[in-house]
file entry.csv (CSV, C-alpha atoms)
chain,number,residue,atom,x,y,z
A,1,MET,CA,-25.4,50.3,31.5
A,2,SER,CA,-25.2,47.3,29.1
A,3,PHE,CA,-26.2,47.4,25.5
A,4,ASP,CA,-29.2,45.2,26.3
A,5,GLY,CA,-30.2,47.7,29.0
A,6,MET,CA,-29.9,50.6,26.5
A,7,ALA,CA,-31.9,48.8,23.9
A,8,ARG,CA,-34.6,48.0,26.4
A,9,MET,CA,-34.8,51.7,27.4
A,10,GLU,CA,-35.3,52.6,23.8
A,11,ILE,CA,-38.1,50.0,23.4
A,12,ASP,CA,-39.7,51.3,26.6
A,13,VAL,CA,-39.7,54.9,25.2
A,14,ARG,CA,-41.3,53.7,21.9
A,15,PHE,CA,-44.1,51.8,23.8
A,16,GLU,CA,-44.6,54.8,26.0
A,17,ARG,CA,-44.9,57.1,22.9
A,18,ALA,CA,-47.4,54.8,21.2
A,19,THR,CA,-49.6,54.4,24.3
A,20,ARG,CA,-49.5,58.1,25.1
A,21,LEU,CA,-50.4,59.0,21.6
A,22,LEU,CA,-53.4,56.6,21.7
A,23,GLN,CA,-54.4,58.0,25.1
A,24,ARG,CA,-54.5,61.5,23.7
A,25,SER,CA,-56.8,60.5,20.9
A,26,TRP,CA,-59.1,58.5,23.2
A,27,PRO,CA,-62.1,58.0,23.0
A,28,GLY,CA,-61.5,58.2,19.3
A,29,SER,CA,-59.0,56.4,17.2
A,30,THR,CA,-56.0,57.4,15.1
A,31,VAL,CA,-53.6,56.3,12.4
A,32,LEU,CA,-50.2,55.2,13.7
A,33,THR,CA,-47.0,55.2,11.7
A,34,PRO,CA,-43.4,54.4,12.7
A,35,ALA,CA,-42.7,58.2,12.6
A,36,ASP,CA,-45.5,58.9,15.1
A,37,ILE,CA,-43.7,56.9,17.8
A,38,GLY,CA,-40.2,58.1,17.0
A,39,LEU,CA,-38.9,55.4,14.7
A,40,GLY,CA,-36.9,56.3,11.6
A,41,GLU,CA,-37.5,55.3,8.0
A,42,GLU,CA,-35.0,52.4,7.7
A,43,GLN,CA,-36.3,48.9,7.2
A,44,SER,CA,-35.6,47.9,10.8
A,45,ALA,CA,-38.0,50.7,11.9
A,46,SER,CA,-40.8,48.9,10.1
A,47,ALA,CA,-40.0,45.6,11.8
A,48,ASP,CA,-39.7,47.4,15.2
A,49,PHE,CA,-43.1,49.2,14.6
A,50,ILE,CA,-44.9,45.9,13.7
A,51,ALA,CA,-43.3,44.2,16.8
A,52,ILE,CA,-44.6,47.1,19.1
A,53,ILE,CA,-48.1,47.0,17.6
A,54,GLU,CA,-48.1,43.2,17.9
A,55,SER,CA,-47.0,43.3,21.5
A,56,LEU,CA,-49.6,46.0,22.5
A,57,SER,CA,-52.3,44.1,20.7
A,58,ASP,CA,-51.4,40.7,22.2
A,59,ALA,CA,-51.4,42.2,25.7
A,60,GLY,CA,-54.9,43.6,25.1
A,61,PHE,CA,-53.9,47.2,25.2
A,62,LEU,CA,-54.5,48.1,21.6
A,63,ALA,CA,-57.4,47.6,19.2
A,64,TYR,CA,-57.2,48.5,15.5
A,65,GLU,CA,-59.1,48.1,12.2
A,66,ALA,CA,-56.2,47.3,9.9
A,67,LEU,CA,-52.4,46.9,9.8
A,68,ILE,CA,-51.2,48.0,6.3
A,69,VAL,CA,-47.7,47.3,5.1
A,70,ALA,CA,-47.2,49.5,2.1
A,71,PRO,CA,-44.1,50.3,0.1
A,72,ASP,CA,-43.7,53.6,2.0
A,73,GLY,CA,-43.9,51.8,5.4
A,74,PRO,CA,-46.5,50.2,7.7
A,75,MET,CA,-49.4,52.0,9.3
A,76,VAL,CA,-52.2,51.0,11.7
A,77,ILE,CA,-55.6,52.3,10.8
A,78,ASP,CA,-58.1,53.3,13.5
A,79,ALA,CA,-55.8,52.4,16.4
A,80,ALA,CA,-57.4,52.9,19.8
A,81,LEU,CA,-56.3,52.2,23.3
A,82,THR,CA,-58.5,49.6,25.0
A,83,ALA,CA,-60.1,49.9,28.4
A,84,ARG,CA,-57.4,47.5,29.7
A,85,GLY,CA,-54.7,49.8,28.2
A,86,ARG,CA,-56.2,52.9,29.7
A,87,ALA,CA,-56.4,51.2,33.1
A,88,ALA,CA,-52.8,50.1,32.9
A,89,LEU,CA,-51.7,53.6,32.0
A,90,ASP,CA,-53.7,55.1,34.8
A,91,ALA,CA,-52.2,52.6,37.3
A,92,GLY,CA,-48.7,53.4,36.0
A,93,ALA,CA,-48.2,49.8,34.8
A,94,ASP,CA,-45.3,48.8,32.6
A,95,LEU,CA,-47.0,48.2,29.2
A,96,THR,CA,-43.9,46.6,27.7
A,97,HIS,CA,-44.5,43.2,29.3

call {"tool": "encode", "arguments": {"input": "entry.csv", "output": "structure tokens"}}
result
Amino acid sequence: MSFDGMARMEIDVRFERATRLLQRSWPGSTVLTPADIGLGEEQSASADFIAIIESLSDAGFLAYEALIVAPDGPMVIDAALTARGRAALDAGADLTH
């Protein structure tokens, strides 16, 4: 497997973790942090986390009240899986695209 393929698998795992965590808290909302979806504490983890949140939100799978970037890392406040996100998960769709 190529490095790109391995990197893609890791991104897929992180998307899966984020959406499953949101699914477990539905119909409520939750606070999401990089640690919640298996990212470390290095600076690249913050950038990866923000990219994942942005992608899920842009696709219409995630709604949230606020994205806070604090000195101790980013967090998403009141994150919730949308109806579109739930339908995609139920259908077994790939949420990474």

call {"tool": "residues_around", "arguments": {"input": "entry.csv", "residues": "Ala35 in chain A", "least_positions_apart": "6", "cutoff": "10 Å", "atoms": "all atoms listed in the file", "output": "list of chain:residue names"}}
result
A:Glu41, A:Ala45, A:Ser46, A:Phe49, A:Gly73, A:Met75

call {"tool": "atom_distance", "arguments": {"input": "entry.csv", "atom1": "CA of Ala88 in chain A", "atom2": "CA of Leu22 in chain A"}}
result
13.0 Å

call {"tool": "closest_residue", "arguments": {"input": "entry.csv", "among": "A:Leu39, A:Thr19, A:Arg24, A:Val31", "to": "Arg84 in chain A", "atoms": "all atoms listed in the file"}}
result
A:Thr19

call {"tool": "closest_residue", "arguments": {"input": "entry.csv", "among": "A:Asp58, A:Ala51, A:Ala66, A:Gln23", "to": "Leu81 in chain A", "atoms": "all atoms listed in the file"}}
result
A:Gln23

call {"tool": "closest_residue", "arguments": {"input": "entry.csv", "among": "A:Ala91, A:Leu32, A:Ala18, A:Ala83", "to": "Ile68 in chain A", "atoms": "only C-alpha atoms"}}
result
A:Leu32
